[in-house]
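**Q** So here's target-v1.csv, just CSV, C-alpha atoms:
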chain,number,residue,atom,x,y,z
H,16,MET,CA,0.0,0.0,0.0
H,17,ARG,CA,2.8,2.4,0.9
H,18,GLU,CA,4.6,1.6,-2.4
H,19,LYS,CA,1.4,2.5,-4.3
H,20,TYR,CA,1.2,5.8,-2.4
H,21,VAL,CA,4.9,6.6,-3.2
H,22,LEU,CA,4.4,5.8,-6.8
H,23,GLU,CA,1.3,8.0,-7.1
H,24,LYS,CA,3.1,10.9,-5.3
H,25,GLN,CA,6.1,10.5,-7.7
H,26,THR,CA,4.0,10.6,-10.8
H,27,ASN,CA,1.9,13.5,-9.5
H,28,TYR,CA,5.1,15.5,-9.0
H,29,LEU,CA,6.0,14.6,-12.6
H,30,ILE,CA,2.6,15.7,-14.0
H,31,LYS,CA,2.6,19.0,-12.0
H,32,GLY,CA,6.2,19.8,-12.9
H,33,ILE,CA,5.6,19.2,-16.6
H,34,ALA,CA,2.5,21.4,-16.4
H,35,PHE,CA,4.5,24.2,-14.7
H,36,PHE,CA,7.3,24.3,-17.2
H,37,TRP,CA,4.8,24.0,-20.1
H,38,PHE,CA,2.9,27.0,-18.7
H,39,LEU,CA,6.1,29.1,-18.5
H,40,THR,CA,7.3,28.1,-21.9
H,41,LYS,CA,3.9,29.0,-23.5
H,42,ILE,CA,4.0,32.4,-21.7
H,43,GLY,CA,7.5,33.0,-22.9
H,44,SER,CA,6.6,32.2,-26.5
H,45,TYR,CA,3.1,33.7,-26.4
H,46,LYS,CA,3.3,35.1,-29.9
H,47,THR,CA,3.6,31.6,-31.2
H,48,TRP,CA,0.1,30.9,-30.0
H,49,ILE,CA,-1.7,34.0,-31.3
H,50,THR,CA,-2.1,35.7,-34.7
H,51,GLU,CA,-1.3,39.3,-33.8
H,52,ARG,CA,2.2,39.1,-35.2
H,53,VAL,CA,4.2,39.7,-38.4
H,54,TYR,CA,5.6,36.1,-38.6
H,55,PRO,CA,3.4,34.1,-40.9
H,56,VAL,CA,0.6,31.9,-39.5
H,57,ILE,CA,0.7,28.8,-41.7
H,58,PRO,CA,-1.9,26.1,-40.9
H,59,PRO,CA,-1.2,22.5,-42.2
H,60,ILE,CA,-4.3,22.6,-44.4
H,61,SER,CA,-5.6,25.5,-46.4
H,62,SER,CA,-9.2,25.2,-45.1
H,63,LEU,CA,-7.9,26.4,-41.7
H,64,GLU,CA,-6.4,29.7,-43.0
H,65,ASN,CA,-9.3,31.9,-42.2
H,66,ILE,CA,-9.9,30.8,-38.6
H,67,PRO,CA,-10.7,34.0,-36.6
H,68,ALA,CA,-8.0,35.4,-34.3
H,69,PHE,CA,-10.2,35.0,-31.2
H,70,VAL,CA,-10.2,31.2,-31.7
H,71,HIS,CA,-6.4,31.2,-31.4
H,72,GLN,CA,-6.6,33.4,-28.3
H,73,PHE,CA,-9.3,31.3,-26.7
H,74,LEU,CA,-7.4,28.1,-27.2
H,75,PHE,CA,-4.2,29.8,-25.8
H,76,GLY,CA,-6.0,31.2,-22.8
H,77,ALA,CA,-7.9,28.0,-22.0
H,78,SER,CA,-4.7,25.9,-22.2
H,79,LEU,CA,-2.9,28.3,-19.8
H,80,SER,CA,-5.8,28.1,-17.4
H,81,LEU,CA,-5.9,24.3,-17.4
H,82,LEU,CA,-2.1,24.1,-17.0
H,83,LEU,CA,-2.4,26.3,-13.9
H,84,VAL,CA,-5.2,24.1,-12.6
H,85,VAL,CA,-3.1,21.0,-13.1
H,86,VAL,CA,-0.2,22.6,-11.1
H,87,CYS,CA,-2.5,23.6,-8.3
H,88,ILE,CA,-4.8,20.6,-7.8
H,89,LYS,CA,-4.5,16.8,-7.7
H,90,PRO,CA,-4.2,15.5,-11.3
H,91,ASN,CA,-7.5,14.5,-12.9
H,92,ARG,CA,-7.6,12.3,-16.0
H,93,TRP,CA,-10.5,14.1,-17.7
H,94,LEU,CA,-8.9,17.5,-17.1
H,95,LEU,CA,-5.7,16.2,-18.7
H,96,ALA,CA,-7.7,14.9,-21.7
H,97,VAL,CA,-9.3,18.3,-22.2
H,98,LEU,CA,-5.9,19.9,-22.0
H,99,PHE,CA,-4.5,17.5,-24.6
H,100,LEU,CA,-7.5,18.2,-27.0
H,101,LEU,CA,-7.0,22.0,-26.6
H,102,GLU,CA,-3.3,21.7,-27.4
H,103,VAL,CA,-3.8,19.6,-30.5
H,104,MET,CA,-6.5,21.9,-31.7
H,105,SER,CA,-4.2,24.9,-31.2
H,106,CYS,CA,-1.3,23.2,-33.0
H,107,SER,CA,-3.6,22.3,-35.9
H,108,LEU,CA,-4.0,26.0,-36.7
H,109,ASP,CA,-0.4,26.9,-37.1
H,110,THR,CA,2.6,24.6,-38.0
H,111,VAL,CA,5.1,26.6,-36.1
H,112,ARG,CA,3.5,25.5,-32.9
H,113,TRP,CA,4.8,21.9,-33.4
H,114,GLN,CA,7.9,22.7,-31.5
H,115,PRO,CA,10.1,19.8,-30.1
H,116,TRP,CA,9.2,20.8,-26.6
H,117,GLU,CA,5.5,21.0,-27.4
H,118,TYR,CA,5.7,17.5,-28.9
H,119,MET,CA,7.5,16.2,-25.8
H,120,TYR,CA,5.0,17.6,-23.5
H,121,LEU,CA,2.1,16.2,-25.6
H,122,CYS,CA,3.7,12.7,-25.6
H,123,PHE,CA,4.1,12.8,-21.8
H,124,LEU,CA,0.5,14.1,-21.4
H,125,LEU,CA,-0.9,11.3,-23.7
H,126,LEU,CA,1.0,8.5,-21.9
H,127,VAL,CA,-0.2,9.8,-18.6
H,128,ILE,CA,-3.9,9.9,-19.8
H,129,LEU,CA,-3.7,6.4,-21.2
H,130,ASN,CA,-1.9,5.0,-18.1
H,131,PHE,CA,-3.5,7.1,-15.4
H,132,TYR,CA,-4.4,4.1,-13.3
H,133,LYS,CA,-1.2,2.2,-14.0
H,134,ARG,CA,1.3,4.6,-12.5
H,135,GLU,CA,4.3,2.3,-13.0
H,136,ASN,CA,3.7,2.4,-16.7
H,137,ILE,CA,4.0,6.2,-16.7
H,138,LEU,CA,7.5,6.0,-15.3
H,139,ILE,CA,8.6,3.2,-17.6
H,140,LEU,CA,7.2,4.9,-20.7
H,141,GLY,CA,8.7,8.2,-19.6
H,142,HIS,CA,12.0,6.5,-19.3
H,143,LEU,CA,11.8,5.0,-22.8
H,144,PHE,CA,10.8,8.4,-24.2
H,145,LEU,CA,13.9,10.0,-22.7
H,146,VAL,CA,16.0,7.2,-24.2
H,147,SER,CA,14.5,8.0,-27.6
H,148,VAL,CA,15.1,11.7,-27.2
H,149,TYR,CA,18.8,11.3,-26.4
H,150,ILE,CA,19.5,8.6,-29.0
H,151,PHE,CA,18.0,10.5,-32.0
H,152,SER,CA,19.3,13.9,-30.8
H,153,GLY,CA,22.8,12.5,-30.7
H,154,LEU,CA,22.5,10.6,-34.0
H,155,HIS,CA,21.4,13.7,-35.9
H,156,LYS,CA,24.5,15.6,-34.7
H,157,PHE,CA,26.9,13.2,-36.5
H,158,SER,CA,27.2,15.6,-39.3
H,159,ARG,CA,29.6,18.2,-40.8
H,160,SER,CA,26.9,20.8,-40.4
H,161,PHE,CA,26.9,20.3,-36.6
H,162,LEU,CA,30.7,20.5,-36.5
H,163,SER,CA,30.7,23.6,-38.6
H,164,MET,CA,27.7,25.7,-37.4
H,165,VAL,CA,27.4,24.6,-33.7
H,166,TRP,CA,30.7,23.2,-32.6
H,167,LEU,CA,33.1,25.5,-34.6
H,168,ASN,CA,31.2,28.8,-34.9
H,169,MET,CA,29.0,28.8,-31.8
H,170,PHE,CA,31.1,27.0,-29.3
H,171,LEU,CA,34.8,27.2,-30.2
H,172,ARG,CA,34.7,30.7,-31.7
H,173,ASP,CA,31.7,32.6,-30.2
H,174,PHE,CA,31.6,31.0,-26.7
H,175,LEU,CA,35.2,30.2,-26.0
H,176,GLY,CA,36.6,32.9,-28.2
H,177,LEU,CA,39.3,30.7,-29.9
H,178,SER,CA,40.9,31.8,-33.1
H,179,MET,CA,40.9,29.7,-36.3
H,180,ASP,CA,44.7,29.4,-36.1
H,181,PHE,CA,44.4,27.9,-32.6
H,182,ILE,CA,41.6,25.6,-33.7
H,183,LEU,CA,43.5,24.3,-36.7
H,184,LYS,CA,46.8,24.0,-34.8
H,185,TYR,CA,45.3,21.7,-32.2
H,186,LYS,CA,42.9,20.0,-34.6
H,187,LEU,CA,39.8,20.8,-32.5
H,188,PHE,CA,37.3,20.6,-35.3
H,189,PHE,CA,36.5,16.9,-35.2
H,190,VAL,CA,36.7,16.8,-31.4
H,191,GLY,CA,33.1,18.0,-31.6
H,192,LEU,CA,32.0,14.5,-32.6
H,193,LEU,CA,32.5,13.5,-28.9
H,194,ILE,CA,29.3,15.4,-28.1
H,195,PRO,CA,26.9,13.2,-30.1
H,196,PHE,CA,29.0,10.1,-29.3
H,197,PHE,CA,28.5,10.6,-25.5
H,198,GLU,CA,24.9,11.6,-26.0
H,199,VAL,CA,24.1,8.3,-27.7
H,200,LEU,CA,26.2,6.4,-25.3
H,201,LEU,CA,24.4,7.8,-22.3
H,202,ALA,CA,21.1,7.1,-23.9
H,203,LEU,CA,22.0,3.4,-24.4
H,204,LEU,CA,23.4,3.2,-20.9
H,205,LEU,CA,20.2,4.7,-19.6
H,206,LEU,CA,18.3,1.9,-21.4
H,207,VAL,CA,20.4,-1.1,-20.3
H,208,SER,CA,22.3,0.0,-17.1
H,209,LYS,CA,21.1,-0.9,-13.7
H,210,SER,CA,22.5,2.3,-12.4
H,211,LYS,CA,20.0,4.6,-14.2
H,212,ARG,CA,20.2,7.2,-11.5
H,213,VAL,CA,23.9,7.6,-12.0
H,214,ILE,CA,23.4,8.0,-15.8
H,215,SER,CA,20.6,10.5,-15.1
H,216,TYR,CA,23.1,12.6,-13.1
H,217,LEU,CA,25.5,12.7,-16.1
H,218,LEU,CA,22.6,13.7,-18.4
H,219,ILE,CA,21.6,16.4,-15.9
H,220,GLY,CA,25.2,17.6,-16.1
H,221,MET,CA,24.9,17.8,-19.9
H,222,HIS,CA,21.8,20.0,-19.6
H,223,VAL,CA,23.6,22.3,-17.1
H,224,SER,CA,26.4,22.6,-19.6
H,225,ILE,CA,23.9,23.5,-22.3
H,226,LEU,CA,22.5,26.2,-20.1
H,227,ILE,CA,26.0,27.6,-19.5
H,228,PHE,CA,26.6,27.5,-23.2
H,229,ILE,CA,23.4,29.2,-24.6
H,230,GLY,CA,22.1,30.8,-21.4
H,231,PRO,CA,22.1,34.3,-20.0
H,232,PHE,CA,25.8,34.0,-19.0
H,233,GLY,CA,26.8,32.4,-22.3
H,234,LEU,CA,25.6,33.2,-25.9
H,235,LYS,CA,22.1,34.3,-24.7
H,236,TYR,CA,20.7,32.2,-27.5
H,237,ASN,CA,17.1,30.8,-27.9
H,238,SER,CA,15.8,31.7,-24.5
H,239,ILE,CA,12.8,29.3,-24.7
H,240,VAL,CA,15.2,26.4,-24.8
H,241,TRP,CA,16.6,27.4,-21.4
H,242,LEU,CA,13.2,26.5,-19.9
H,243,TRP,CA,13.2,23.2,-21.8
H,244,ASN,CA,16.6,22.3,-20.3
H,245,PHE,CA,15.3,23.1,-16.8
H,246,ALA,CA,12.3,20.9,-17.5
H,247,MET,CA,14.6,18.0,-18.7
H,248,ILE,CA,16.6,18.3,-15.5
H,249,PHE,CA,13.4,18.1,-13.4
H,250,ILE,CA,12.0,15.2,-15.4
H,251,LEU,CA,15.3,13.2,-15.1
H,252,GLY,CA,15.3,13.9,-11.4
H,253,ILE,CA,11.8,12.7,-10.8
H,254,ILE,CA,11.7,9.6,-13.1
H,255,TYR,CA,15.0,8.2,-11.7
H,256,SER,CA,14.5,9.2,-8.1
H,257,LYS,CA,13.5,5.7,-7.3
H,258,PRO,CA,14.7,2.3,-8.6
H,259,MET,CA,12.8,1.4,-11.8
H,260,GLU,CA,11.1,-1.9,-12.5
H,261,GLY,CA,12.1,-3.7,-15.7
H,262,LEU,CA,10.0,-3.8,-18.8
H,263,ASN,CA,7.4,-6.5,-19.1
H,264,LYS,CA,5.6,-7.9,-22.1
H,265,LYS,CA,2.3,-6.6,-21.1
H,266,THR,CA,3.5,-3.0,-20.8
H,267,ILE,CA,5.2,-3.2,-24.2
H,268,ALA,CA,2.1,-4.8,-25.8
H,269,THR,CA,-0.4,-2.3,-24.5
H,270,ASN,CA,1.8,0.7,-25.4
H,271,ALA,CA,3.4,-0.5,-28.7
H,272,LEU,CA,2.2,2.6,-30.6
H,273,PHE,CA,4.4,4.7,-28.3
H,274,LEU,CA,7.4,2.6,-29.1
H,275,VAL,CA,6.7,2.9,-32.9
H,276,LEU,CA,6.3,6.6,-32.5
H,277,TRP,CA,9.5,7.1,-30.6
H,278,PHE,CA,11.9,4.4,-32.0
H,279,VAL,CA,10.7,3.4,-35.5
H,280,LEU,CA,9.3,6.6,-37.2
H,281,PRO,CA,12.2,8.8,-36.2
H,282,VAL,CA,14.5,6.6,-38.2
H,283,PHE,CA,12.7,7.8,-41.4
H,284,SER,CA,13.7,11.4,-40.5
H,285,PHE,CA,17.2,10.7,-41.8
H,286,TRP,CA,15.7,10.4,-45.3
H,287,GLY,CA,13.3,13.3,-44.9
H,288,SER,CA,10.2,11.1,-44.5
H,289,TRP,CA,9.4,12.0,-40.9
H,290,TYR,CA,9.3,15.4,-39.2
H,291,GLN,CA,12.7,16.5,-37.9
H,292,TYR,CA,11.3,18.0,-34.6
H,293,PHE,CA,9.4,14.8,-33.9
H,294,SER,CA,12.8,13.0,-34.1
H,295,PHE,CA,14.6,15.6,-31.9
H,296,ASN,CA,16.9,16.8,-34.7
H,297,LEU,CA,18.1,19.6,-32.5
H,298,TYR,CA,21.1,21.9,-33.0
H,299,SER,CA,22.5,19.6,-35.7
H,300,GLY,CA,22.9,22.4,-38.2
H,301,LYS,CA,21.2,20.2,-40.9
H,302,GLY,CA,18.5,21.2,-43.3
H,303,TYR,CA,17.7,24.3,-45.3
H,304,GLN,CA,18.0,27.9,-44.0
H,305,MET,CA,15.5,30.4,-45.5
H,306,ASN,CA,16.8,33.8,-46.6
H,307,ILE,CA,14.2,36.4,-47.6
H,308,CYS,CA,15.6,39.1,-49.9
H,309,ILE,CA,13.6,42.3,-49.9
H,310,SER,CA,14.1,45.0,-52.5
H,311,GLN,CA,11.5,47.4,-51.1
H,312,ASN,CA,11.3,49.2,-47.8
H,313,VAL,CA,8.7,47.2,-45.8
H,314,LYS,CA,8.2,49.0,-42.4
H,315,GLU,CA,6.9,46.0,-40.4
H,316,LEU,CA,9.8,43.8,-41.5
H,317,LYS,CA,12.5,46.4,-40.6
H,318,PRO,CA,13.1,45.0,-37.0
H,319,TYR,CA,14.1,41.6,-38.5
H,320,PHE,CA,16.6,42.7,-41.2
H,321,GLU,CA,20.1,41.3,-40.8
H,322,ALA,CA,22.8,43.8,-40.2
H,323,GLU,CA,25.3,42.3,-42.7
H,324,PRO,CA,24.6,41.6,-46.4
H,325,ASN,CA,24.9,38.0,-47.7
H,326,ASN,CA,26.0,36.5,-51.0
H,327,PHE,CA,22.5,35.4,-51.9
H,328,CYS,CA,20.6,38.7,-52.0
H,329,LYS,CA,23.2,40.7,-54.1
H,330,GLY,CA,23.1,43.8,-52.0
H,331,SER,CA,19.4,43.8,-51.0
H,332,ARG,CA,18.3,43.8,-47.4
H,333,TYR,CA,17.4,40.3,-46.2
H,334,ILE,CA,15.9,38.4,-43.3
H,335,ASN,CA,17.0,35.0,-42.0
H,336,LEU,CA,13.8,33.1,-41.2
H,337,GLN,CA,15.3,31.5,-38.1
H,338,GLU,CA,16.5,34.7,-36.6
H,339,TRP,CA,13.1,36.4,-37.4
H,340,ALA,CA,11.3,33.6,-35.5
H,341,PHE,CA,13.6,33.8,-32.5
H,342,LYS,CA,13.2,37.6,-32.3
H,343,GLU,CA,9.5,37.8,-32.7
H,344,ILE,CA,7.8,34.6,-31.6
H,345,LYS,CA,10.6,33.1,-29.5
H,346,SER,CA,10.3,29.8,-31.4
H,347,ALA,CA,12.3,28.1,-34.1
H,348,PRO,CA,10.8,27.8,-37.6
H,349,ILE,CA,9.8,24.3,-38.6
H,350,PRO,CA,12.7,22.9,-40.7
H,351,GLU,CA,10.5,21.1,-43.3
H,352,ILE,CA,10.7,22.2,-47.0
H,353,GLU,CA,7.0,21.9,-47.6
H,354,ILE,CA,6.3,24.4,-44.8
H,355,GLN,CA,9.1,26.7,-46.0
H,356,ARG,CA,7.4,26.6,-49.4
H,357,LYS,CA,4.1,27.7,-47.9
H,358,ILE,CA,5.8,30.5,-46.1
H,359,ALA,CA,7.3,31.7,-49.4
H,360,VAL,CA,3.9,31.7,-51.0
H,361,TYR,CA,2.4,33.7,-48.1
H,362,LEU,CA,5.2,36.3,-48.2
H,363,LYS,CA,5.1,36.8,-51.9
H,364,LYS,CA,1.3,37.2,-51.8
H,365,LYS,CA,1.5,39.7,-48.9
H,366,TYR,CA,4.5,41.8,-49.9
H,367,GLN,CA,4.2,41.7,-53.7
H,368,LYS,CA,6.0,39.0,-55.6
H,369,LYS,CA,8.5,41.4,-57.4
H,370,SER,CA,9.8,42.8,-54.2
H,371,ILE,CA,10.7,39.5,-52.5
H,372,GLN,CA,13.0,36.7,-53.4
H,373,ILE,CA,13.1,33.5,-51.3
H,374,ILE,CA,16.3,31.4,-51.2
H,375,LEU,CA,16.9,28.2,-49.3
H,376,TYR,CA,20.4,27.1,-48.6
H,377,ASN,CA,21.7,23.8,-47.3
H,378,ARG,CA,25.2,24.2,-45.9
H,379,GLU,CA,25.9,20.5,-45.6
H,380,GLU,CA,25.0,19.7,-49.3
H,381,ASN,CA,26.1,23.2,-50.5
H,382,LYS,CA,22.7,23.3,-52.3
H,383,MET,CA,20.6,26.3,-53.1
H,384,ILE,CA,16.9,26.4,-54.0
H,385,LYS,CA,15.0,29.5,-55.2
H,386,LEU,CA,11.3,29.6,-54.3
Have the structure of the file written as structure tokens, please.

**A**
Amino acid sequence: MREKYVLEKQTNYLIKGIAFFWFLTKIGSYKTWITERVYPVIPPISSLENIPAFVHQFLFGASLSLLLVVVCIKPNRWLLAVLFLLEVMSCSLDTVRWQPWEYMYLCFLLLVILNFYKRENILILGHLFLVSVYIFSGLHKFSRSFLSMVWLNMFLRDFLGLSMDFILKYKLFFVGLLIPFFEVLLALLLLVSKSKRVISYLLIGMHVSILIFIGPFGLKYNSIVWLWNFAMIFILGIIYSKPMEGLNKKTIATNALFLVLWFVLPVFSFWGSWYQYFSFNLYSGKGYQMNICISQNVKELKPYFEAEPNNFCKGSRYINLQEWAFKEIKSAPIPEIEIQRKIAVYLKKKYQKKSIQIILYNREENKMIKL
């Protein structure tokens, strides 16, 4: 009886903690969830383009209210189900809302709803989900793009302030591959090791390092991700605070769809057949960057112009879509070409086709696409 009470208390802390960080993240990225912004609202299907602004606002406000209720009262299964429905409805109105942290919270919420009266399953599935996150996050970083954009430019040069001469002299470029290697290694150890709590401490240390790197005392980059790292530290601390029971066939059989979602479908992301953010392709530097060349003076876009010219726009002012998104809505743009094409159509329609040119560039493949 006491064991059941401890398990319920542990999972209640998990649910409330996730709701708390989810609430803070949505507040911090509030423009992602409303339409009063310059950044394009791009629904997944055209029939949802003309949904009134108040619907977006209502879903945002209702979701925040329910998250606060979850934090303050004992978790209720039906309340969580309504919250899940509201979030899915909101995300269906704008593709940029399908952020990796939103996907993670939705996965946790769904596994809690489906296993509300089987609390041991919540911890086991939460454990497997974390394994998936770290495995695929690490695998996606085994790329030259990660080494060039993240390791070399962001870490070695911007964060540590090292010169290229120093980097080349001590052959530091390929040392960056140790990061994805250890991330995948820790994920596999988390899966098979009996000392899961020890492994969780190492992963917590990794998140602390990330916060030092991109946080307010580092590069001050992508502030919403700071909250996500705090959330990951909390989740790791809760899930591995007690020894975990081993997997059993019944748990696997009744939750097989989760395993397909977390371990099978992400494999297809390496060939572009599954969404990158649903496979935790994070800070890998892979994919296309969108550059928006603007020949006319558009007042509402001025705050998002890049200071330095680039080779693509031939002297015209330009906007990098990722930097625009970070500045205005505090969320990263979705790195899928079909969504980038929809954004290009929207921008050309709104700002006159002749005054805007859209160029996608893939650094890893050295490939350029004009939209």

**Q** Smallest atom-to-atom distance to Ile33 in chain H: which of H:Gly141, H:Gly153, H:Pro348, H:Gly233, using only C-alpha atoms?

**A**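 The shortest atom-to-atom distance to Ile33 in chain H comes from H:Gly141.
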
**Q** For Pro115 in chain H, which residue among H:Ile42, H:Val148, H:Lys264, H:Ser210 is the nearest when counting only C-alpha atoms?

**A**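 So, comparing all the options, the nearest one is H:Val148.
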
**Q** Kindly give the distance, in Å, that separates CA of Gln372 in chain H and CA of Ile307 in chain H, rounded to a single decimal.

**A**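 Between CA of Gln372 in chain H and CA of Ile307 in chain H the gap works out to 5.9 Å.
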
**Q** To one decimal in Å, tell me the separation between CA of Ile88 in chain H and CA of Ile137 in chain H.

**A**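 Spanning CA of Ile88 in chain H to CA of Ile137 in chain H is a straight-line distance of 19.1 Å.
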
**Q** From the set H:Asn296, H:Asn168, H:Asn377, H:Asn244, which residue has the shortest atom-to-atom contact distance to Phe151 in chain H, counting only C-alpha atoms?

**A** H:Asn296

**Q** Quick one: pull the distance between CA of Leu276 in chain H and CA of Phe35 in chain H, Å, one decimal.

**A**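 Calculated distance between CA of Leu276 in chain H and CA of Phe35 in chain H is 25.1 Å.
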
**Q** Find, counting only C-alpha atoms, the residue in H:Ile373, H:Ile254, H:Ile60, H:Val53 that gets nearest to Leu145 in chain H.

**A**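 When distances to Leu145 in chain H are compared using only C-alpha atoms, the smallest one comes from H:Ile254.
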
**Q** In terms of the shortest atom-to-atom distance over all atoms listed in the file, which of H:Gly32, H:Gly43, H:Pro318, H:Pro195 is closest to Asn237 in chain H?

**A**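 Ranking H:Gly32, H:Gly43, H:Pro318, H:Pro195 by distance to Asn237 in chain H, first place goes to H:Gly43.
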
**Q** When distances are computed from all atoms listed in the file, which of H:Leu226, H:Leu154, H:Tyr303, H:Ile250 shows the smallest separation from Met383 in chain H?

**A**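 For Met383 in chain H, the nearest of the given residues is H:Tyr303.
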
**Q** Show me, as a ChimeraX atom specification, the residues that have an atom within 7 Å of Trp289 in chain H when counting all atoms listed in the file, minus same-chain residues fewer than 6 positions from it.

**A** /H:280-281,283

**Q** Please provide the set of residues having any atom within 10 Å of Tyr292 in chain H, restricted to all atoms listed in the file, with same-chain residues fewer than 6 positions apart removed, written as a list in words.

**A** Trp113, Gln114, Pro115, Trp116, Glu117, Tyr118, Met119, Ser152, Pro281, Ser284, Ile349, Pro350 and Glu351 of chain H

**Q** Can you tell me, as an MDAnalysis selection string, what residues are no more than 10 Å from Leu386 in chain H when counting all atoms listed in the file, ignoring any on the same chain fewer than 4 positions away?

**A** chainID H and resid 305 307 355:360 363 372:375

**Q** Selected residues, C-alpha atoms, written as a tab-separated table (two decimals), in the coordinates of the input, please.

**A**
chain	number	residue	atom	x	y	z
H	305	MET	CA	15.50	30.40	-45.50
H	307	ILE	CA	14.20	36.40	-47.60
H	355	GLN	CA	9.10	26.70	-46.00
H	356	ARG	CA	7.40	26.60	-49.40
H	357	LYS	CA	4.10	27.70	-47.90
H	358	ILE	CA	5.80	30.50	-46.10
H	359	ALA	CA	7.30	31.70	-49.40
H	360	VAL	CA	3.90	31.70	-51.00
H	363	LYS	CA	5.10	36.80	-51.90
H	372	GLN	CA	13.00	36.70	-53.40
H	373	ILE	CA	13.10	33.50	-51.30
H	374	ILE	CA	16.30	31.40	-51.20
H	375	LEU	CA	16.90	28.20	-49.30

**Q** With all atoms listed in the file as the counted atoms, please give the residues lying no more than 9 Å from Leu274 in chain H, apart from itself and same-chain residues fewer than 5 positions off, as number ranges by chain.

**A** H: 140, 143-144, 267, 279

**Q** Can you tell me, as a VMD selection string, what residues are no more than 8 Å from Ser256 in chain H when counting only C-alpha atoms, ignoring any on the same chain fewer than 3 positions away?

**A** chain H and resid 212 252 to 253

**Q** Return range 190-204 of chain H, completed with N, CA and C atoms, as a PDB file, in the coordinates of the input.

**A**
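Printed below is part.pdb as written:
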ATOM      1  N   VAL H 190      36.949  17.112 -32.808  1.00  0.00           N
ATOM      2  CA  VAL H 190      36.700  16.800 -31.400  1.00  0.00           C
ATOM      3  C   VAL H 190      35.239  16.931 -31.054  1.00  0.00           C
ATOM      4  N   GLY H 191      34.538  17.789 -31.811  1.00  0.00           N
ATOM      5  CA  GLY H 191      33.100  18.000 -31.600  1.00  0.00           C
ATOM      6  C   GLY H 191      32.267  16.749 -31.727  1.00  0.00           C
ATOM      7  N   LEU H 192      32.786  15.730 -32.425  1.00  0.00           N
ATOM      8  CA  LEU H 192      32.000  14.500 -32.600  1.00  0.00           C
ATOM      9  C   LEU H 192      31.897  13.728 -31.258  1.00  0.00           C
ATOM     10  N   LEU H 193      32.687  14.105 -30.270  1.00  0.00           N
ATOM     11  CA  LEU H 193      32.500  13.500 -28.900  1.00  0.00           C
ATOM     12  C   LEU H 193      31.200  13.810 -28.318  1.00  0.00           C
ATOM     13  N   ILE H 194      30.636  14.959 -28.679  1.00  0.00           N
ATOM     14  CA  ILE H 194      29.300  15.400 -28.100  1.00  0.00           C
ATOM     15  C   ILE H 194      28.238  14.393 -28.487  1.00  0.00           C
ATOM     16  N   PRO H 195      27.975  14.164 -29.791  1.00  0.00           N
ATOM     17  CA  PRO H 195      26.900  13.200 -30.100  1.00  0.00           C
ATOM     18  C   PRO H 195      27.288  11.767 -29.688  1.00  0.00           C
ATOM     19  N   PHE H 196      28.596  11.428 -29.683  1.00  0.00           N
ATOM     20  CA  PHE H 196      29.000  10.100 -29.300  1.00  0.00           C
ATOM     21  C   PHE H 196      28.573   9.847 -27.809  1.00  0.00           C
ATOM     22  N   PHE H 197      28.873  10.790 -26.934  1.00  0.00           N
ATOM     23  CA  PHE H 197      28.500  10.600 -25.500  1.00  0.00           C
ATOM     24  C   PHE H 197      27.016  10.729 -25.297  1.00  0.00           C
ATOM     25  N   GLU H 198      26.325  11.526 -26.099  1.00  0.00           N
ATOM     26  CA  GLU H 198      24.900  11.600 -26.000  1.00  0.00           C
ATOM     27  C   GLU H 198      24.208  10.291 -26.283  1.00  0.00           C
ATOM     28  N   VAL H 199      24.635   9.659 -27.375  1.00  0.00           N
ATOM     29  CA  VAL H 199      24.100   8.300 -27.700  1.00  0.00           C
ATOM     30  C   VAL H 199      24.509   7.285 -26.735  1.00  0.00           C
ATOM     31  N   LEU H 200      25.755   7.345 -26.302  1.00  0.00           N
ATOM     32  CA  LEU H 200      26.200   6.400 -25.300  1.00  0.00           C
ATOM     33  C   LEU H 200      25.457   6.453 -24.021  1.00  0.00           C
ATOM     34  N   LEU H 201      25.213   7.655 -23.521  1.00  0.00           N
ATOM     35  CA  LEU H 201      24.400   7.800 -22.300  1.00  0.00           C
ATOM     36  C   LEU H 201      23.013   7.328 -22.461  1.00  0.00           C
ATOM     37  N   ALA H 202      22.435   7.555 -23.649  1.00  0.00           N
ATOM     38  CA  ALA H 202      21.100   7.100 -23.900  1.00  0.00           C
ATOM     39  C   ALA H 202      21.024   5.550 -23.864  1.00  0.00           C
ATOM     40  N   LEU H 203      22.017   4.888 -24.454  1.00  0.00           N
ATOM     41  CA  LEU H 203      22.000   3.400 -24.400  1.00  0.00           C
ATOM     42  C   LEU H 203      22.288   2.895 -23.036  1.00  0.00           C
ATOM     43  N   LEU H 204      23.157   3.554 -22.287  1.00  0.00           N
ATOM     44  CA  LEU H 204      23.400   3.200 -20.900  1.00  0.00           C
ATOM     45  C   LEU H 204      22.141   3.364 -20.047  1.00  0.00           C
TER      46      LEU H 204
END
